[in-house]
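Text of protein01.txt, listed as compact mmCIF, C-alpha atoms:
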# COMPACT_ATOMS: atom_id res chain seq x y z
CA MET A 706 -20.98 6.42 31.58
CA ALA A 707 -17.26 5.81 32.06
CA GLN A 708 -16.58 9.55 31.83
CA LEU A 709 -18.87 10.27 34.78
CA LEU A 710 -16.79 7.99 36.98
CA PHE A 711 -13.47 9.76 36.47
CA ALA A 712 -12.23 13.13 37.66
CA GLN A 713 -11.24 14.02 34.10
CA PRO A 714 -13.31 12.92 31.11
CA LEU A 715 -11.67 9.88 29.57
CA THR A 716 -12.29 8.74 26.02
CA PRO A 717 -10.71 5.82 24.18
CA GLN A 718 -8.50 8.34 22.39
CA ALA A 719 -7.39 9.95 25.68
CA MET A 720 -6.96 6.65 27.51
CA THR A 721 -3.54 5.44 26.57
CA ILE A 722 -2.19 2.31 28.13
CA ASN A 723 0.08 4.28 30.44
CA LYS A 724 -2.73 6.62 31.56
CA GLY A 725 -4.92 3.59 32.11
CA ILE A 726 -2.29 1.92 34.27
CA ILE A 727 -1.98 5.07 36.37
CA GLU A 728 -5.76 5.22 36.81
CA LEU A 729 -5.94 1.53 37.72
CA ARG A 730 -3.22 1.96 40.35
CA LYS A 731 -5.21 4.82 41.87
CA PHE A 732 -8.29 2.62 41.94
CA LEU A 733 -6.36 -0.19 43.63
CA ASP A 734 -5.17 2.20 46.32
CA GLU A 735 -8.71 3.51 46.70
CA LEU A 736 -10.08 -0.04 46.87
CA ALA A 737 -7.83 -0.88 49.82
CA GLU A 738 -9.13 2.13 51.73
CA LYS A 739 -12.86 1.42 51.26
CA LYS A 740 -14.69 0.02 54.29
CA THR A 741 -18.01 -1.17 52.85
CA ASP A 742 -18.76 -3.68 50.14
CA ALA A 743 -20.87 -1.11 48.32
CA ASP A 744 -17.93 1.29 48.15
CA ARG A 745 -15.61 -1.50 47.02
CA LEU A 746 -18.07 -2.53 44.30
CA LEU A 747 -18.20 1.06 43.05
CA VAL A 748 -14.41 1.15 42.77
CA LEU A 749 -14.40 -2.20 40.94
CA PHE A 750 -17.03 -0.84 38.59
CA LYS A 751 -14.78 2.15 37.86
CA MET A 752 -11.85 -0.20 37.28
CA ARG A 753 -13.88 -2.29 34.85
CA ALA A 754 -14.84 0.85 32.91
CA CYS A 755 -11.21 1.95 32.82
CA ILE A 756 -10.10 -1.46 31.55
CA GLU A 757 -12.71 -1.32 28.79
CA LEU A 758 -11.40 2.07 27.69
CA ILE A 759 -7.91 0.61 27.45
CA GLU A 760 -9.00 -2.70 25.97
CA ASP A 761 -11.24 -1.52 23.11
CA PRO A 762 -8.55 0.28 21.06
CA LEU A 763 -6.14 -2.61 21.64
CA LYS A 764 -8.70 -5.13 20.39
CA GLU A 765 -9.51 -2.94 17.41
CA ARG A 766 -5.84 -2.61 16.50
CA ALA A 767 -5.27 -6.36 16.91
CA ASP A 768 -8.31 -7.14 14.73
CA LYS A 769 -7.07 -4.79 12.01
CA GLN A 770 -3.63 -6.39 12.09
CA LYS A 771 -5.13 -9.87 11.93
CA ALA A 772 -7.39 -8.90 9.01
CA ALA A 773 -4.51 -7.29 7.14
CA TYR A 774 -2.36 -10.39 7.65
CA ALA A 775 -5.19 -12.67 6.50
CA ALA A 776 -5.73 -10.53 3.40
CA LYS A 777 -2.02 -10.63 2.59
CA THR A 778 -1.79 -14.39 2.96
CA ARG A 779 -4.83 -14.97 0.71
CA ILE A 780 -3.21 -13.02 -2.08
CA ILE A 781 -2.31 -16.11 -4.15
CA LYS A 782 -5.57 -18.07 -3.78
CA LYS A 783 -6.40 -18.12 -7.51
CA ALA A 784 -2.86 -19.12 -8.44
CA LEU A 785 -2.93 -21.93 -5.88
CA ARG A 786 -6.24 -23.28 -7.18
CA GLN A 787 -4.91 -23.31 -10.74
CA PHE A 788 -1.68 -24.97 -9.59
CA PHE A 789 -3.45 -27.69 -7.60
CA SER A 790 -5.86 -28.29 -10.50
CA ALA A 791 -2.87 -28.78 -12.80
CA LEU A 792 -1.35 -31.21 -10.29
CA ASP A 793 -4.69 -33.08 -10.09
CA ARG A 794 -4.65 -33.53 -13.88
CA ILE A 795 -1.06 -34.82 -13.74
CA TYR A 796 -1.87 -37.17 -10.87
CA ASP A 797 -4.74 -38.71 -12.87
CA LYS A 798 -2.13 -40.05 -15.35
CA TYR A 799 0.99 -40.24 -13.20
CA GLN A 800 0.29 -41.49 -9.67
CA GLU A 801 3.98 -41.21 -8.75
CA LEU A 802 3.22 -37.51 -8.24
CA GLY A 803 2.09 -38.63 -4.78
CA ASP A 804 5.48 -40.17 -3.93
CA THR A 805 7.38 -38.53 -1.10
CA ASP A 806 10.44 -37.90 -3.27
CA VAL A 807 8.39 -36.05 -5.91
CA LYS A 808 6.58 -34.02 -3.24
CA GLU A 809 9.90 -33.03 -1.64
CA GLN A 810 11.38 -31.97 -4.97
CA MET A 811 8.29 -29.93 -5.82
CA TYR A 812 8.41 -28.27 -2.40
CA ARG A 813 12.09 -27.47 -2.91
CA ALA A 814 11.13 -25.64 -6.11
CA ILE A 815 8.36 -23.72 -4.31
CA TYR A 816 10.72 -22.90 -1.46
CA ARG A 817 13.52 -21.64 -3.70
CA GLY A 818 11.21 -19.95 -6.18
CA PHE A 819 8.71 -18.31 -3.80
CA ILE A 820 9.00 -18.91 -0.06
CA GLN A 821 12.72 -18.08 0.23
CA PRO A 822 13.47 -16.91 -3.31
CA GLN A 823 16.99 -17.50 -4.55
CA ARG A 824 18.39 -15.08 -7.08
CA GLY A 825 18.72 -16.74 -10.49
CA TYR A 826 16.89 -19.90 -9.41
CA VAL A 827 16.03 -22.16 -12.36
CA LEU A 828 13.62 -25.07 -12.10
CA PRO A 829 15.34 -28.45 -12.46
CA GLU A 830 14.50 -30.74 -15.36
CA LYS A 831 13.56 -33.72 -13.20
CA PHE A 832 11.30 -34.06 -10.17
CA GLY A 833 11.47 -37.80 -9.52
CA MET A 834 8.72 -38.72 -11.96
CA PHE A 835 9.10 -42.05 -13.80
CA SER A 836 9.02 -40.52 -17.27
CA ASP A 837 10.30 -37.44 -19.06
CA LYS A 838 6.70 -36.54 -19.93
CA GLY A 839 5.72 -36.63 -16.24
CA ASN A 840 8.73 -34.48 -15.30
CA ASP A 841 7.86 -32.01 -18.07
CA LEU A 842 4.27 -31.71 -16.83
CA VAL A 843 5.38 -31.12 -13.24
CA LYS A 844 7.92 -28.54 -14.35
CA ALA A 845 5.27 -26.75 -16.46
CA ALA A 846 2.83 -26.69 -13.52
CA LEU A 847 5.50 -25.31 -11.18
CA HIS A 848 6.61 -22.75 -13.75
CA GLY A 849 2.98 -21.65 -14.24
CA PHE A 850 2.57 -21.19 -10.51
CA LEU A 851 5.85 -19.40 -9.86
CA THR A 852 5.32 -16.99 -12.77
CA HIS A 853 1.62 -16.38 -12.07
CA PRO A 854 1.04 -12.60 -11.62
CA GLN A 855 -0.46 -13.12 -8.14
CA VAL A 856 2.58 -15.11 -7.02
CA VAL A 857 5.02 -12.58 -8.45
CA ALA A 858 3.15 -9.76 -6.70
CA ALA A 859 2.96 -11.73 -3.45
CA ALA A 860 6.70 -12.37 -3.50
CA HIS A 861 7.15 -8.60 -3.18
CA ALA A 862 4.15 -7.82 -0.95
CA LEU A 863 4.83 -10.54 1.63
CA LYS A 864 8.08 -9.49 3.26
CA THR A 865 9.09 -12.63 5.15
CA PRO A 866 9.42 -16.32 4.29
CA LYS A 867 6.94 -17.00 7.12
CA ASP A 868 4.32 -14.81 5.42
CA ARG A 869 4.94 -16.39 2.01
CA PHE A 870 4.79 -19.87 3.55
CA ALA A 871 1.47 -18.99 5.23
CA ALA A 872 0.13 -17.76 1.91
CA PHE A 873 1.20 -21.00 0.23
CA GLN A 874 -0.54 -23.04 2.95
CA ASP A 875 -3.89 -21.28 2.42
CA GLY A 876 -6.36 -24.01 3.37
CA ASP A 877 -9.18 -22.18 1.60
CA ALA A 878 -7.49 -22.55 -1.78
CA GLN A 879 -8.99 -25.83 -2.97
CA THR A 880 -9.76 -27.37 -6.31
CA ALA A 881 -13.25 -28.49 -7.27
CA ALA A 882 -12.16 -31.99 -6.22
CA GLY A 883 -11.23 -30.68 -2.77
CA THR A 884 -7.47 -31.00 -3.04
CA ASN A 885 -5.25 -28.32 -1.55
CA TYR A 886 -1.62 -27.87 -0.51
CA VAL A 887 -1.85 -30.75 2.00
CA SER A 888 -2.60 -33.20 -0.80
CA TYR A 889 0.71 -32.53 -2.53
CA PHE A 890 2.95 -30.93 0.09
CA GLY A 891 1.67 -31.93 3.54
CA TYR A 892 1.25 -29.46 6.37
CA SER A 893 3.82 -27.83 8.61
CA LYS A 894 3.42 -25.32 11.46
CA GLN A 895 6.66 -23.62 10.50
CA VAL A 896 8.58 -22.95 7.33
CA ARG A 897 10.33 -26.11 6.18
CA VAL A 898 13.76 -25.34 4.76
CA ALA A 899 14.52 -27.10 1.49

Please render this file's structure as C-alpha cells.
Amino acid sequence: MAQLLFAQPLTPQAMTINKGIIELRKFLDELAEKKTDADRLLVLFKMRACIELIEDPLKERADKQKAAYAAKTRIIKKALRQFFSALDRIYDKYQELGDTDVKEQMYRAIYRGFIQPQRGYVLPEKFGMFSDKGNDLVKAALHGFLTHPQVVAAAHALKTPKDRFAAFQDGDAQTAAGTNYVSYFGYSKQVRVA
C-alpha cells in the first residue's frame, strides 16, 4: 500500500532514515499547499506510511540489540543461583553474613574479581565474619562463584563493568528460597565502586 503512494516504490530496505526525512519534508511542503481537508488527510496518510517504513527497521534493530544485551547479561544465571544458595546455607548458621560490613566486603571481592577485574586479585582471608570458620565458608563461596566457568566466560564476553554489573544484578537468578543478589548485596542503579 505504501508503495502506491510514492513516486518511486519504497521498501523498508530502500527507506533509509535520510531518504525518509527527505520524503517527509516533501510531504510537509505538499501539506501546506493543499486546500481541502480531504487532500490534507491524504498527505497525512502518506506521511504516516512513510514514518512506518522508517520506524519498522529501527524498532527491529532496537529489539535485536535489547535481546542480545539481555542474553549477555543472563549469562551467569546458574552461577548466581549456586552462589546465592551457598550464601543461604552459610546464613543459616552464621547470621552475621547479613551485616553491612560483611556485605560490603563480599561486594568488594565481586567488584575486584568480576565487575572491574584487577590483575592478580586474591580473595582476602577475612570478610568480617565472627569466626574463622564463617570467613572460610564465605571465601569458599566467593571463590566458587568467581571461578565458575560461566563467570569466567562472562568476564570476557561482557566488555564493560556496566554489563558485568548488570549480569550480576540479574533479578531472575533466585534460589529455591527466593533469595537473589538484593538479599546479600542490595540494589544499585549504577555500578558501585569498591

List the spatial neighbours of region 724-733 of chain A as an MDAnalysis selection string - criterion: any atom at most 7 Å away, only C-alpha atoms, same-chain residues fewer than 5 positions off excluded.
chainID A and resid 748 752 755 759

One decimal, in Å: what's the spacing between CA of Tyr799 (chain A) and CA of Lys783 (chain A)?
24.0 Å

For a quick check of understanding, using all atoms listed in the file, which of A:Thr721, A:Ser893, A:Ser836, A:Asn885 has the smallest distance to Leu802 (chain A)?
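The answer is A:Ser836, which sits nearest to Leu802 (chain A).
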
Length of the CA of Pro866 (chain A) to CA of Gln821 (chain A) vector [Å]
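Going from CA of Pro866 (chain A) over to CA of Gln821 (chain A) covers 5.5 Å.
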
Please list, as a JSON list (two decimals) with C-alpha atoms, in the frame of the given file, the residues that have an atom at most 10 Å away from (-5.4, -21.7, -5.2) in the coordinates of this file, counting all atoms listed in the file.
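Ended up saving to part.json:
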[["chain", "number", "residue", "atom", "x", "y", "z"],
["A", 779, "ARG", "CA", -4.83, -14.97, 0.71],
["A", 780, "ILE", "CA", -3.21, -13.02, -2.08],
["A", 781, "ILE", "CA", -2.31, -16.11, -4.15],
["A", 782, "LYS", "CA", -5.57, -18.07, -3.78],
["A", 783, "LYS", "CA", -6.40, -18.12, -7.51],
["A", 784, "ALA", "CA", -2.86, -19.12, -8.44],
["A", 785, "LEU", "CA", -2.93, -21.93, -5.88],
["A", 786, "ARG", "CA", -6.24, -23.28, -7.18],
["A", 787, "GLN", "CA", -4.91, -23.31, -10.74],
["A", 788, "PHE", "CA", -1.68, -24.97, -9.59],
["A", 789, "PHE", "CA", -3.45, -27.69, -7.60],
["A", 790, "SER", "CA", -5.86, -28.29, -10.50],
["A", 850, "PHE", "CA", 2.57, -21.19, -10.51],
["A", 872, "ALA", "CA", 0.13, -17.76, 1.91],
["A", 873, "PHE", "CA", 1.20, -21.00, 0.23],
["A", 874, "GLN", "CA", -0.54, -23.04, 2.95],
["A", 875, "ASP", "CA", -3.89, -21.28, 2.42],
["A", 876, "GLY", "CA", -6.36, -24.01, 3.37],
["A", 877, "ASP", "CA", -9.18, -22.18, 1.60],
["A", 878, "ALA", "CA", -7.49, -22.55, -1.78],
["A", 879, "GLN", "CA", -8.99, -25.83, -2.97],
["A", 880, "THR", "CA", -9.76, -27.37, -6.31],
["A", 884, "THR", "CA", -7.47, -31.00, -3.04],
["A", 885, "ASN", "CA", -5.25, -28.32, -1.55],
["A", 886, "TYR", "CA", -1.62, -27.87, -0.51]]

Nearby residues (all atoms listed in the file) at most 10 Å from Asp804 (chain A), same-chain spacing under 4 positions excluded, as a ChimeraX atom specification:
/A:800,808-809,833-834,889

Residue nearest Asp734 (chain A) among A:Thr805, A:Val843, A:Tyr892, A:Leu749 (counting all atoms listed in the file)
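That would be A:Leu749, the residue with the smallest distance to Asp734 (chain A).
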
Point-to-point distance in Å for CA of Asp797 (chain A) and CA of Gly818 (chain A)
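Value for the CA of Gly818 (chain A)-CA of Asp797 (chain A) distance: 25.5 Å.
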
Of the residues A:Ala859, A:Ala791, A:Val887, A:Ala767, which is the one nearest to Lys844 (chain A), using only C-alpha atoms?
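Smallest separation from Lys844 (chain A) among the options: A:Ala791.
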
For a quick check of understanding, using all atoms listed in the file, which of A:Asp742, A:Asp793, A:Glu801, A:Glu735 has the smallest distance to Gly839 (chain A)?
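For Gly839 (chain A), the nearest of the candidates is A:Glu801.
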
Could you pull the residues within 12 Å of Asp841 (chain A), counting only C-alpha atoms, minus those fewer than 5 positions along the same chain, as a list in words?
Ile795, Tyr799, Leu828, Pro829, Glu830, Lys831, Phe832, Gly833, Met834, Phe835, Ser836, Ala846, Leu847 and His848 of chain A
